[in-house]
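Asker: Would you mind keeping the following structure in view while I ask a few things?
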Amino acid sequence: MSNIILEARDIRYRYPRGMEAIRGVSFHIRKGEKIALVGPNGAGKSTLMLMFNGMLRPDSGTMLFDDVPIRYDKASLRTLRRRVGFVLQNPDRQIIAPTVYQDVAFGPANLGYDEEAVRQAVTLALRQVGLEGFESRPPHLLSDGEKKRVAIAGVLAMDPDVLVFDEPTSSLDPSGSEDIMELLDELNQEGKTIVISTHDVELAYPWAHRAILLTDGRILQEDVPDIAFGNPELIRMAHLSMPTLLEIANELKKRGFPVPDQKPRSVLDMVQLIESSAGRSSEDSAPGTITVCNVDRDRIDSLPAWVDAHAPLAIGAMGTRAKQCAAQEGLELEFTYGVIDKCILRALRGRNSLILTTGSMAGRVSVRVEAYCRESGITIPVHPFDTNGETDNFPPPDGGG
Ligand code: ADP
């Protein structure tokens, strides 16, 4: 079996009485990828994505799911829609029931689950999106971000392999957008393939494994983000703008700075590039440490006292449950998105931080920090949270955050 989960082969589609919206599009999406479909308004992103779960049928060409051409009979579509979940841009169009529970239960009940299985599916989905306790709330009284989470839970309740999000952050404020993007990361970490459409290059550039640039119903480019967004000509043709980090990297290169082939994807990468070009190292002062607390496993009731004992300390939380745990323990979060990089940047200034996380994401901290340390030659200690142990290795407080 191949690792390709969705594939389009020369897809064309024209709306009745409309222009041809998709004009010969081919691509593939691998299992476990985070894909951004990027293009201006009217490029054909929504049209194309509606074909991923058979809501639209191409006029010609073939859409394949798990290597098998999609069939459009009722039974096949029912199976497909369980495996490919679609989250609409506007949650008001997706949410249909008078309570959160009933809304999230709609999908599994429709699939014929018995009452207990529906209850389990709803409980798990609401837990995944951080809306436990919202069961009896009327969705129309929730905030935009909460409505979005209800819509996502409704799709998650069917445990799909692929989640497709049309403009997931439109209508959300910056912090609501960061929360949703982090939720998508978390779901990806749990094994889901994630596809989003967006015209926001700053959002797509650091997030996606690969970006597909679409304009006028055609694919202009499909590659890792620094290549997909790195060609000024294509970016102009797609009516987009180059991500700021990439633009700065290009300017530095023109000025003779040694910019690596792998372009900076984050502020941390950019700081490293500038510091190494300038012959300076953050290691002039001893790096701070990063302590990782797995809130699923560690004794979180001892966290507040531990935090007090190790002040000053910045706290970051990765994932829905970790953020809930921080709120429950009254811990103030400094970082809620891009947490690992922000803690590395802080460590480079000799300052300590604590990352709250959960099972599936805990491993990402050491992987990312180790990769940074290998590249930079700087050693940043990462400790597991342990109320008995590691105080001895902890550097003295640094006088401010
Ligand atoms: P995007 O999601 O990139 O903004 P869409 O897929 O919504 O783009 O639209 C692609 C093209 O198809 C546009 O020209 C749009 O006007 C047209 N279109 C979208 N929906 C319809 C529709 N229901 N009927 C006719 N034309 C449509």
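All residue names refer to the structure tokens as shown: chains lettered A, B, ... in order, residues numbered from 1 in each chain, ligands numbered from 1 in order.
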Tell me, as a list in words, which residues lie within 6 Å of segment 24-30 of chain A, counting only C-alpha atoms; anything in the same chain fewer than 6 positions away does not count.

Answerer: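 Result of the neighbour search: Asn3, Ile4, Ile5, Leu6, Glu7, Ala8, Arg9, Asp10, Ile11, Arg12 and Arg218 of chain A.
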
Asker: Dump C-alpha atoms for the selected residues as a JSON list (two decimals), in the first residue's frame?

Answerer:
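The resulting file, out-v9.json, is reproduced below:
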```
[["chain", "number", "residue", "atom", "x", "y", "z"],
["A", 3, "ASN", "CA", 1.41, 6.24, 1.73],
["A", 4, "ILE", "CA", -0.78, 8.49, -0.42],
["A", 5, "ILE", "CA", -4.20, 9.09, 1.09],
["A", 6, "LEU", "CA", -5.74, 11.56, -1.36],
["A", 7, "GLU", "CA", -4.91, 12.00, -5.00],
["A", 8, "ALA", "CA", -6.32, 14.16, -7.77],
["A", 9, "ARG", "CA", -5.71, 13.19, -11.40],
["A", 10, "ASP", "CA", -6.40, 15.87, -13.97],
["A", 11, "ILE", "CA", -9.56, 17.15, -12.28],
["A", 12, "ARG", "CA", -11.85, 19.58, -14.08],
["A", 218, "ARG", "CA", -4.76, 25.63, -11.76]]
```

Asker: Show me which residues line ligand 1, defined as having an atom within 9 Å of a ligand atom where only C-alpha atoms and all ligand atoms count, and present them as a PyMOL selection string.

Answerer: chain A and resi 14-22+37-50+166-167+197-199+214-217

Asker: Closest to Pro312 of chain A among A:Gly32, A:Gly350, A:Pro264, A:Pro381, using only C-alpha atoms?

Answerer: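 The closest residue to Pro312 of chain A is A:Gly350.
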
Asker: If DSSP is run on the backbone, what residues of segment 207-263 of chain A are strand (DSSP E)? A reply as a PyMOL selection string would be ideal.

Answerer: chain A and resi 210-215+218-223

Asker: For each of A:Ala109, A:Val365, A:Val84, A:Ile227, take the minimum atom-to-atom distance to Leu64 of chain A, counting only C-alpha atoms, then give the residue where this is smallest.

Answerer: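 Result for the nearest residue to Leu64 of chain A: A:Val84.
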
Asker: Using only C-alpha atoms, which protein or nucleic acid residues come within 10 Å of Arg127 of chain A? Drop anything in the same chain fewer than 4 positions from it, and give the result as an MDAnalysis selection string.

Answerer: chainID A and resid 121:123 131:133 153 320:321
